[in-house]
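Notes follow the structure.
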Amino acid sequence: MDGLSSTSLLPETFQGARDDVTQQIGLIWEQIKAPLIVPLLRLAVYACLTMSLMLFIERLYMGVVIVLVKIFCRKPEKRYKWEPIRDDLELGNAAYPMVLIQIPMYNEREVYQLSIGAACGLSWPSDRIIIQVLDDSTDPAIKDLVELECQRWASKGINIRYEIRDNRTGYKAGALKEGMKHSYVKNCDFVAIFDADFQPERDFLWRTIPFFVNNPAIGLVQARWIFVNSDECLMTRMQEMSLDYHFTVEQEVGSSTYAFFGFNGTAGVWRIAAINEAGGWKDRTTVEDMDLAVRASLKGWKFVYVGDLQVKNELPSTFKAYRYQQHRWSCGPANLFRKMSMEIIRNKKVTLWKKVHVIYSFFFVRKIIAHIVTFIFYCLVIPMTVLVPEVEIPKWGAVYIPSIITLLNSVGTPRSLHLLVFWILFENVMSLHRTKATLIGLLEAGRVNEWVVTEKLGDALKIKPGVKVPRKPRFKFGDRLHLLELGFGAFLFFCACYDLAFNKNNFFIYLYLQAIAFFIMGFGYVGTFVPNS
């Protein structure tokens with residue numbers, strides 16, 4: 001009997017101990033909340049509201065500019081007096097500039113034929129164009145395939161060069177820099193760059209080169225990206241919404257106002273003289289394209305964005321590939337800002353307003369503030385105010401400004417307006433990785449120069465519409481678990497439950513949805529949902 005009594009007392013003992021621990025945690029929380037947590041949280045709210053206002057003003061400014069551009073039809077062809085290149089009976093083909101096409105690639109088994117075929121199919125006098133395939137592949141089988149493809153096109157009379165090097169120093173920047181050293185490049189006036197999954201239309205050069213011929217101050221002409229696999233899954237649709245805003249608004253505004261924007265690294269044409277004057281390709285960051293663009297702009301070169309010139313390419317369709325890409329795209333600009341801010345300030349060739357635009361608008365607000373405020377405000381501060389009801393967020397900061405910013409961001413992809421809520425949740429989850437990458441870039445921490453080539457599947461580019469094929473397995477079980485997302489999902493779920501139980505505020509619906517989004521991406525299932533068009 002005594003043994004039975006002792007056994008029956010065990011659950012009560014554990015229950016009592018658990019209650020004691022809960023009471024102690026609650027007591028500690030109440031003791032530190034008023035003197036420490038509340039002031040710090042209020043400070044965080046003020047900081048986030050300030051950053052939100054900065055982002056709101058920037059988005060509103062760009063919205064006004066893009067409306068004026070559309071109203072007054074300020075197309076680049078009109079601004080820069082674009083005229084087609086005319087035949088010269090005396091000079092013949094010598095009247096056409098010599099153009100180099102560079103295709104950097106690394107183990108691109110799925111897409112190498114598409115990019116090489118598209119480049120070789122460009123319409124331009126055959127003796128005035130050189131196709132240069134810069135193959136950094138480490139897989140000997142893939143290198144052989146790429147070389148055979150180049151030989152196949154060479155046998156058809158295409159002037160194509162297959163170039164390799166002994167190492168991958170500098171990654172893409174190193175390959176492009178090495179490609180420019182070959183003797184035959186000295187005869188070229190312009191260089192067009194296409195990544196391995198990009199497919200330019202045949203008239204690409206006829207639409208871009210005339211800008212340079214008639215305007216000696218233009219150093220870069222950038223085309224727009226369009227995505228062949230945007231309907232593949234929910235994640236690709238979300239990416240399309242973000243990138244469409246970038247091309248429809250950000251690039252257009254930069255081109256129309258200050259003749260400056262960030263080179264997108266591909267689907268663009270450079271004047272080789274501009275590259276040389278700017279100091280050539282540098283591999284000091286993971287955004288060698290933006291680095292070159294900023295340096296060339298500081299030398300006085302102008303950039304033109306041609307929004308109706310579209311080049312097909314592929315979006316990352318696995319969460320792992322997308323995370324690596326976003327790390328590079330977020331870490332690189334922050335690191336470049338750290339390295340170049342004083343150089344921009346000291347520059348004497350450009351106006352004060354252009355310096356302000358580059359430092360404040362282009363770098364600080366769009367590349368740093370936008371990432372940090374999205375994560376800190378919507379994933380940390382708002383949930384924390386649920387646990388600390390003494391700190392309130394004004395409705396204009398929690399509802400009105402974010403809603404307007406979101407609507408302004410959605411103008412690039414009207415067909416996806418019904419997916420706006422999913423896009424918000426998706427962007428908030430990705431802000432975790434972008435903020436981490438931004439801080440790594442600013443502090444030059446361990447992964448600052450990490451370069452992982454974005455995986456291309458190529459399926460959407462190869463298969464005709466309406467033909468169904470078995471999908472490749474996108475995940476291994478071990479790849480699916482992302483602990484950061486799962487941890488934040490649990491935190492937001494707890495805050496949602498707390499809000500519903502004790503505060504009965506309006507945040508609990510948002511917190512539940514955001515927690516679910518973190519869980520979905522934490523388990524790696526975001527690439528499996530296919531939205532309705």
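As shown in the structure tokens, the chain order sets the letters A, B, ...; within each chain, residues go from 1, and ligands are also counted from 1 in the order they appear.
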When DSSP works through the backbone of this structure, what residues of segment 150-281 of chain A end up as strand (DSSP E or B), shown as a CSV table (one decimal) with C-alpha atoms, in the first residue's frame?
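Here's the written file part-v1.csv:
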chain,number,residue,atom,x,y,z
A,160,ILE,CA,32.1,30.7,-81.4
A,161,ARG,CA,35.0,30.3,-78.9
A,162,TYR,CA,35.1,27.8,-76.1
A,163,GLU,CA,37.2,29.1,-73.2
A,190,PHE,CA,30.4,46.1,-77.1
A,191,VAL,CA,29.8,43.0,-75.0
A,192,ALA,CA,26.4,41.3,-74.3
A,193,ILE,CA,26.2,39.0,-71.3
A,199,GLN,CA,17.4,33.1,-74.2
A,218,ILE,CA,25.7,55.5,-72.8
A,219,GLY,CA,27.6,52.7,-71.1
A,220,LEU,CA,24.9,50.1,-70.5
A,221,VAL,CA,21.6,49.0,-72.0
A,222,GLN,CA,19.6,46.6,-69.8
A,223,ALA,CA,16.7,44.4,-71.0
A,224,ARG,CA,13.9,43.0,-68.8
A,225,TRP,CA,13.7,39.4,-67.6
A,226,ILE,CA,10.6,37.3,-68.2
A,227,PHE,CA,10.1,33.9,-66.5
A,268,GLY,CA,22.4,43.5,-70.9
A,269,VAL,CA,25.0,45.1,-73.2
A,270,TRP,CA,28.0,47.0,-72.1
A,271,ARG,CA,30.2,49.4,-74.0
Those in segment 16-210 of chain A with alpha helix (DSSP H) from DSSP, as a CSV table (one decimal) with C-alpha atoms, in the first residue's frame:
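Done, and the output landed in states.csv:
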chain,number,residue,atom,x,y,z
A,16,GLY,CA,3.6,21.1,-8.4
A,17,ALA,CA,7.2,21.4,-9.6
A,18,ARG,CA,6.0,22.5,-13.0
A,19,ASP,CA,3.6,25.1,-11.5
A,20,ASP,CA,6.5,26.4,-9.4
A,21,VAL,CA,8.7,26.8,-12.5
A,22,THR,CA,5.9,28.6,-14.4
A,23,GLN,CA,5.3,30.9,-11.4
A,24,GLN,CA,9.0,31.8,-11.2
A,25,ILE,CA,9.3,32.5,-14.9
A,26,GLY,CA,6.2,34.7,-14.7
A,27,LEU,CA,7.6,36.5,-11.7
A,28,ILE,CA,10.9,37.2,-13.4
A,29,TRP,CA,9.0,38.4,-16.5
A,30,GLU,CA,7.0,40.8,-14.5
A,31,GLN,CA,10.1,42.1,-12.7
A,32,ILE,CA,12.1,42.9,-15.9
A,38,VAL,CA,8.9,48.0,-22.3
A,39,PRO,CA,11.5,50.9,-22.9
A,40,LEU,CA,13.4,48.7,-25.4
A,41,LEU,CA,10.3,47.6,-27.2
A,42,ARG,CA,9.1,51.2,-27.4
A,43,LEU,CA,12.5,52.2,-28.9
A,44,ALA,CA,12.2,49.3,-31.4
A,45,VAL,CA,8.7,50.5,-32.4
A,46,TYR,CA,9.9,54.1,-33.0
A,47,ALA,CA,12.9,52.8,-35.0
A,48,CYS,CA,10.7,50.5,-37.1
A,49,LEU,CA,8.1,53.3,-37.7
A,50,THR,CA,10.9,55.6,-38.9
A,51,MET,CA,12.2,52.9,-41.3
A,52,SER,CA,8.7,52.2,-42.5
A,53,LEU,CA,8.2,55.9,-43.3
A,54,MET,CA,11.5,56.0,-45.2
A,55,LEU,CA,10.4,52.9,-47.2
A,56,PHE,CA,6.9,54.4,-47.8
A,57,ILE,CA,8.3,57.7,-49.1
A,58,GLU,CA,10.7,55.9,-51.4
A,59,ARG,CA,7.9,53.6,-52.8
A,60,LEU,CA,5.5,56.6,-53.1
A,61,TYR,CA,8.2,58.6,-55.0
A,62,MET,CA,8.9,55.8,-57.4
A,63,GLY,CA,5.1,55.3,-57.9
A,64,VAL,CA,4.7,59.0,-58.8
A,65,VAL,CA,7.7,58.9,-61.2
A,66,ILE,CA,6.5,55.7,-63.0
A,67,VAL,CA,3.0,57.3,-63.4
A,68,LEU,CA,4.6,60.4,-65.0
A,69,VAL,CA,6.8,58.2,-67.3
A,70,LYS,CA,3.7,56.4,-68.5
A,71,ILE,CA,1.6,59.6,-68.9
A,76,PRO,CA,14.1,55.4,-74.0
A,77,GLU,CA,13.9,55.3,-77.8
A,78,LYS,CA,12.5,58.9,-77.7
A,79,ARG,CA,14.8,60.2,-75.0
A,112,TYR,CA,23.7,24.8,-71.8
A,113,GLN,CA,22.2,24.0,-75.2
A,114,LEU,CA,19.5,26.6,-74.8
A,115,SER,CA,21.7,29.5,-74.0
A,116,ILE,CA,24.3,28.6,-76.6
A,117,GLY,CA,21.6,28.0,-79.2
A,118,ALA,CA,19.9,31.3,-78.5
A,119,ALA,CA,23.2,33.3,-78.6
A,120,CYS,CA,24.2,31.6,-81.9
A,140,PRO,CA,34.5,16.7,-66.9
A,141,ALA,CA,31.4,15.1,-68.6
A,142,ILE,CA,29.6,18.4,-68.7
A,143,LYS,CA,32.7,20.2,-70.0
A,144,ASP,CA,32.8,17.7,-72.8
A,145,LEU,CA,29.1,18.2,-73.6
A,146,VAL,CA,29.5,22.0,-73.7
A,147,GLU,CA,32.6,21.8,-75.9
A,148,LEU,CA,30.9,19.5,-78.3
A,149,GLU,CA,28.0,21.9,-78.5
A,150,CYS,CA,30.3,24.7,-79.4
A,151,GLN,CA,32.0,22.6,-82.0
A,152,ARG,CA,28.6,21.8,-83.5
A,153,TRP,CA,27.8,25.5,-83.9
A,154,ALA,CA,31.3,26.3,-85.2
A,171,TYR,CA,33.7,32.9,-59.8
A,172,LYS,CA,31.6,34.7,-62.4
A,173,ALA,CA,33.5,38.0,-62.2
A,174,GLY,CA,36.8,36.1,-62.6
A,175,ALA,CA,35.5,34.3,-65.7
A,176,LEU,CA,34.2,37.5,-67.3
A,177,LYS,CA,37.5,39.2,-66.6
A,178,GLU,CA,39.5,36.4,-68.0
A,179,GLY,CA,37.3,36.3,-71.1
A,204,PHE,CA,18.1,41.6,-79.4
A,205,LEU,CA,21.2,43.3,-80.8
A,206,TRP,CA,19.3,45.3,-83.4
A,207,ARG,CA,17.3,46.8,-80.6
A,208,THR,CA,20.1,47.5,-78.2
A,209,ILE,CA,23.3,48.5,-80.2
A,210,PRO,CA,21.7,51.6,-81.8
Report task. Determine the nearest neighbour of Ile37 of chain A from the options A:Val381, A:Ile509, A:Val448, A:Leu100, counting only C-alpha atoms. Result -> A:Val381
Requested in this report: Fewer than 2 positions away in the same chain doesn't count, so skip those; otherwise give me all residues within 10 Å of Arg366 of chain A, counting only C-alpha atoms, as number ranges by chain.
Outcome: A: 54-55, 58-59, 250, 333, 360-364, 368-371
Output all heavy atoms of each residue in that selection to a file, as a CSV table (one decimal), in the first residue's frame.
chain,number,residue,atom,x,y,z
A,54,MET,N,10.5,55.8,-44.2
A,54,MET,CA,11.5,56.0,-45.2
A,54,MET,C,11.2,55.1,-46.4
A,54,MET,O,11.2,55.5,-47.6
A,54,MET,CB,12.9,55.6,-44.6
A,54,MET,CG,13.4,56.5,-43.5
A,54,MET,SD,14.8,55.8,-42.6
A,54,MET,CE,16.0,55.8,-43.9
A,55,LEU,N,10.8,53.9,-46.1
A,55,LEU,CA,10.4,52.9,-47.2
A,55,LEU,C,9.2,53.4,-47.9
A,55,LEU,O,9.1,53.3,-49.2
A,55,LEU,CB,10.3,51.5,-46.7
A,55,LEU,CG,10.1,50.4,-47.7
A,55,LEU,CD1,11.3,50.3,-48.6
A,55,LEU,CD2,9.9,49.1,-46.9
A,58,GLU,N,9.9,56.3,-50.2
A,58,GLU,CA,10.7,55.9,-51.4
A,58,GLU,C,9.7,55.2,-52.4
A,58,GLU,O,9.8,55.4,-53.6
A,58,GLU,CB,11.8,54.9,-50.9
A,58,GLU,CG,12.6,54.2,-52.1
A,58,GLU,CD,13.5,55.2,-52.8
A,58,GLU,OE1,13.7,56.4,-52.3
A,58,GLU,OE2,14.0,54.9,-53.9
A,59,ARG,N,8.9,54.3,-51.9
A,59,ARG,CA,7.9,53.6,-52.8
A,59,ARG,C,6.9,54.6,-53.4
A,59,ARG,O,6.6,54.5,-54.6
A,59,ARG,CB,7.1,52.6,-52.0
A,59,ARG,CG,7.9,51.4,-51.5
A,59,ARG,CD,8.3,50.5,-52.7
A,59,ARG,NE,8.8,49.2,-52.2
A,59,ARG,CZ,10.1,49.0,-52.0
A,59,ARG,NH1,11.0,49.9,-52.3
A,59,ARG,NH2,10.6,47.8,-51.6
A,250,GLU,N,11.5,49.9,-60.3
A,250,GLU,CA,12.8,50.4,-59.8
A,250,GLU,C,13.7,50.6,-61.0
A,250,GLU,O,14.4,51.7,-61.0
A,250,GLU,CB,13.4,49.3,-58.9
A,250,GLU,CG,12.7,49.2,-57.5
A,250,GLU,CD,13.3,48.2,-56.6
A,250,GLU,OE1,14.1,47.4,-57.1
A,250,GLU,OE2,13.0,48.2,-55.4
A,333,PRO,N,25.0,43.4,-52.0
A,333,PRO,CA,24.8,44.9,-52.0
A,333,PRO,C,25.2,45.6,-50.6
A,333,PRO,O,25.7,46.7,-50.6
A,333,PRO,CB,23.3,45.0,-52.2
A,333,PRO,CG,22.9,43.8,-53.0
A,333,PRO,CD,23.8,42.7,-52.4
A,360,TYR,N,21.5,56.9,-50.6
A,360,TYR,CA,20.3,56.8,-49.8
A,360,TYR,C,19.2,55.9,-50.4
A,360,TYR,O,18.8,54.9,-49.8
A,360,TYR,CB,19.7,58.2,-49.5
A,360,TYR,CG,18.4,58.2,-48.8
A,360,TYR,CD1,18.4,58.0,-47.4
A,360,TYR,CD2,17.2,58.3,-49.4
A,360,TYR,CE1,17.2,58.0,-46.7
A,360,TYR,CE2,16.0,58.3,-48.8
A,360,TYR,CZ,16.0,58.1,-47.4
A,360,TYR,OH,14.8,58.0,-46.7
A,361,SER,N,18.8,56.2,-51.6
A,361,SER,CA,17.7,55.5,-52.2
A,361,SER,C,18.1,54.1,-52.7
A,361,SER,O,17.5,53.1,-52.3
A,361,SER,CB,17.1,56.3,-53.4
A,361,SER,OG,16.6,57.5,-53.0
A,362,PHE,N,19.2,54.0,-53.5
A,362,PHE,CA,19.6,52.8,-54.1
A,362,PHE,C,20.1,51.8,-53.1
A,362,PHE,O,19.7,50.6,-53.1
A,362,PHE,CB,20.6,53.0,-55.2
A,362,PHE,CG,21.1,51.8,-55.9
A,362,PHE,CD1,20.3,51.2,-56.9
A,362,PHE,CD2,22.3,51.2,-55.6
A,362,PHE,CE1,20.7,50.0,-57.5
A,362,PHE,CE2,22.7,50.1,-56.3
A,362,PHE,CZ,21.9,49.5,-57.2
A,363,PHE,N,21.0,52.2,-52.3
A,363,PHE,CA,21.7,51.3,-51.3
A,363,PHE,C,20.9,51.3,-50.0
A,363,PHE,O,20.4,50.2,-49.6
A,363,PHE,CB,23.1,51.7,-51.0
A,363,PHE,CG,24.1,51.2,-52.0
A,363,PHE,CD1,24.9,52.0,-52.8
A,363,PHE,CD2,24.3,49.8,-52.1
A,363,PHE,CE1,25.8,51.5,-53.7
A,363,PHE,CE2,25.2,49.3,-53.1
A,363,PHE,CZ,26.0,50.2,-53.8
A,364,PHE,N,20.8,52.4,-49.3
A,364,PHE,CA,20.4,52.4,-47.9
A,364,PHE,C,18.9,51.9,-47.7
A,364,PHE,O,18.6,51.0,-46.9
A,364,PHE,CB,20.6,53.8,-47.2
A,364,PHE,CG,20.4,53.8,-45.7
A,364,PHE,CD1,21.2,53.0,-44.9
A,364,PHE,CD2,19.4,54.6,-45.2
A,364,PHE,CE1,21.0,53.0,-43.5
A,364,PHE,CE2,19.2,54.6,-43.8
A,364,PHE,CZ,20.0,53.8,-43.0
A,368,ILE,N,19.1,47.8,-47.7
A,368,ILE,CA,19.3,47.5,-46.3
A,368,ILE,C,18.0,47.7,-45.5
A,368,ILE,O,17.6,46.8,-44.9
A,368,ILE,CB,20.4,48.5,-45.8
A,368,ILE,CG1,21.8,48.1,-46.5
A,368,ILE,CG2,20.6,48.3,-44.3
A,368,ILE,CD1,22.9,49.0,-46.2
A,369,ILE,N,17.5,48.9,-45.5
A,369,ILE,CA,16.3,49.2,-44.7
A,369,ILE,C,15.1,48.3,-45.1
A,369,ILE,O,14.4,47.7,-44.2
A,369,ILE,CB,15.8,50.7,-44.9
A,369,ILE,CG1,16.9,51.6,-44.2
A,369,ILE,CG2,14.4,50.9,-44.3
A,369,ILE,CD1,17.0,51.5,-42.7
A,370,ALA,N,14.9,48.0,-46.4
A,370,ALA,CA,13.7,47.2,-46.8
A,370,ALA,C,13.8,45.8,-46.2
A,370,ALA,O,12.7,45.3,-45.8
A,370,ALA,CB,13.7,47.2,-48.3
A,371,HIS,N,15.0,45.2,-46.1
A,371,HIS,CA,15.1,43.9,-45.6
A,371,HIS,C,14.9,43.9,-44.1
A,371,HIS,O,14.2,43.1,-43.5
A,371,HIS,CB,16.4,43.3,-45.9
A,371,HIS,CG,16.7,43.2,-47.4
A,371,HIS,ND1,15.7,42.9,-48.3
A,371,HIS,CD2,17.8,43.3,-48.1
A,371,HIS,CE1,16.2,42.9,-49.5
A,371,HIS,NE2,17.5,43.1,-49.5
Query - Interatomic distance, atom CA of Ser431 of chain A to atom CA of Tyr512 of chain A (Å, one decimal) - result: 17.6 Å
Query raised in the report: Leaving out segment 312-323 of chain A and any residue of its chain fewer than 3 positions from it, which residues lie within 6 Å of it when counting only C-alpha atoms, given as a list in words?
Result: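 Final neighbour list, sorted by chain and number: Asp197, Phe198, Gln199, Ile226, Phe227, Val228, Gln326, Thr454, Glu455 and Gly527 of chain A.
Excluding Pro414 of chain A and any residue on its chain fewer than 6 positions from it, the residues at most 12 Å away by only C-alpha atoms are Arg237, Glu240, Met241, Ser242, Asp244, Tyr245, Thr248, Leu407, Leu408, Leu420 and Ser533 of chain A.
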Create the file for the chosen residues now, containing all heavy atoms and written as a tab-separated table (two decimals), in the first residue's frame.
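Everything below was put into result.tsv:
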chain	number	residue	atom	x	y	z
A	237	ARG	N	5.68	31.89	-58.37
A	237	ARG	CA	4.76	33.01	-58.54
A	237	ARG	C	5.12	34.17	-57.61
A	237	ARG	O	5.04	35.35	-57.99
A	237	ARG	CB	3.32	32.56	-58.27
A	237	ARG	CG	2.71	31.73	-59.38
A	237	ARG	CD	2.43	32.55	-60.64
A	237	ARG	NE	1.30	33.44	-60.51
A	237	ARG	CZ	0.05	33.10	-60.77
A	237	ARG	NH1	-0.24	31.87	-61.17
A	237	ARG	NH2	-0.92	33.98	-60.65
A	240	GLU	N	8.11	35.93	-59.01
A	240	GLU	CA	7.72	36.73	-60.16
A	240	GLU	C	7.16	38.08	-59.71
A	240	GLU	O	7.48	39.13	-60.30
A	240	GLU	CB	6.67	36.00	-60.99
A	240	GLU	CG	6.22	36.78	-62.23
A	240	GLU	CD	5.00	36.18	-62.88
A	240	GLU	OE1	4.08	35.73	-62.17
A	240	GLU	OE2	4.94	36.17	-64.12
A	241	MET	N	6.35	38.09	-58.65
A	241	MET	CA	5.78	39.34	-58.16
A	241	MET	C	6.86	40.31	-57.70
A	241	MET	O	6.83	41.51	-58.01
A	241	MET	CB	4.79	39.05	-57.03
A	241	MET	CG	3.54	38.32	-57.48
A	241	MET	SD	2.43	37.91	-56.12
A	241	MET	CE	1.78	39.54	-55.71
A	242	SER	N	7.84	39.80	-56.97
A	242	SER	CA	8.92	40.66	-56.47
A	242	SER	C	9.79	41.19	-57.61
A	242	SER	O	10.12	42.38	-57.66
A	242	SER	CB	9.78	39.89	-55.47
A	242	SER	OG	9.02	39.47	-54.36
A	244	ASP	N	9.05	41.37	-60.85
A	244	ASP	CA	8.31	42.24	-61.77
A	244	ASP	C	8.26	43.67	-61.26
A	244	ASP	O	8.35	44.63	-62.04
A	244	ASP	CB	6.89	41.71	-61.98
A	244	ASP	CG	6.84	40.62	-63.04
A	244	ASP	OD1	7.88	40.38	-63.69
A	244	ASP	OD2	5.77	40.01	-63.24
A	245	TYR	N	8.12	43.85	-59.95
A	245	TYR	CA	8.16	45.20	-59.39
A	245	TYR	C	9.54	45.82	-59.62
A	245	TYR	O	9.64	47.00	-59.98
A	245	TYR	CB	7.84	45.18	-57.90
A	245	TYR	CG	7.97	46.54	-57.26
A	245	TYR	CD1	6.94	47.47	-57.37
A	245	TYR	CD2	9.12	46.92	-56.59
A	245	TYR	CE1	7.05	48.74	-56.81
A	245	TYR	CE2	9.25	48.18	-56.03
A	245	TYR	CZ	8.22	49.08	-56.13
A	245	TYR	OH	8.34	50.34	-55.59
A	248	THR	N	9.63	46.61	-63.44
A	248	THR	CA	8.59	47.55	-63.89
A	248	THR	C	8.78	48.93	-63.28
A	248	THR	O	8.53	49.95	-63.94
A	248	THR	CB	7.19	47.02	-63.52
A	248	THR	OG1	7.02	45.73	-64.09
A	248	THR	CG2	6.10	47.94	-64.03
A	407	LEU	N	0.40	47.35	-51.81
A	407	LEU	CA	-0.34	47.62	-53.04
A	407	LEU	C	0.58	48.21	-54.11
A	407	LEU	O	0.47	47.87	-55.29
A	407	LEU	CB	-1.51	48.55	-52.76
A	407	LEU	CG	-2.66	47.94	-51.96
A	407	LEU	CD1	-3.69	49.01	-51.58
A	407	LEU	CD2	-3.34	46.81	-52.75
A	408	LEU	N	1.49	49.11	-53.70
A	408	LEU	CA	2.43	49.68	-54.66
A	408	LEU	C	3.36	48.61	-55.21
A	408	LEU	O	3.74	48.64	-56.39
A	408	LEU	CB	3.24	50.79	-53.99
A	408	LEU	CG	2.48	52.08	-53.66
A	408	LEU	CD1	3.35	53.03	-52.85
A	408	LEU	CD2	2.01	52.77	-54.94
A	420	LEU	N	-1.90	38.07	-53.21
A	420	LEU	CA	-1.19	39.11	-52.46
A	420	LEU	C	-0.92	38.71	-51.01
A	420	LEU	O	0.17	38.96	-50.48
A	420	LEU	CB	-1.99	40.41	-52.50
A	420	LEU	CG	-1.22	41.72	-52.29
A	420	LEU	CD1	-0.06	41.82	-53.27
A	420	LEU	CD2	-2.15	42.91	-52.44
A	533	SER	N	-4.07	30.05	-61.96
A	533	SER	CA	-3.74	31.29	-62.66
A	533	SER	C	-4.82	32.32	-62.47
A	533	SER	O	-4.56	33.49	-62.53
A	533	SER	CB	-3.54	31.01	-64.16
A	533	SER	OG	-2.46	30.13	-64.34
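Near Phe493 of chain A, within 10 Å and counting only C-alpha atoms, sit Pro383, Gly487, Phe488, Gly489, Ala490, Ala496, Cys497, Tyr498, Asp499, Phe508, Leu511, Tyr512, Leu513, Gln514, Ala515, Ile516, Phe518 and Phe519 of chain A; same-chain residues fewer than 3 positions away were not included.
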**Report entry** Minimum-distance residue to Asp195 of chain A, chosen among A:Glu108, A:Asp231, A:Glu450, A:Asp166 (using only C-alpha atoms)
**Finding:**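 Selected residue with least distance to Asp195 of chain A: A:Glu108.
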Query raised in the report: Hey, can you check how far atom CA of Asn214 of chain A sits from atom CA of Pro84 of chain A?
Result: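 Between atom CA of Asn214 of chain A and atom CA of Pro84 of chain A the gap works out to 9.5 Å.
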Query raised in the report: Between A:Thr374, A:Ser330, A:Thr385, A:Ser416, which one has atoms that come closest to Lys436 of chain A, using only C-alpha atoms?
Result: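 The answer is A:Ser330, which sits nearest to Lys436 of chain A.
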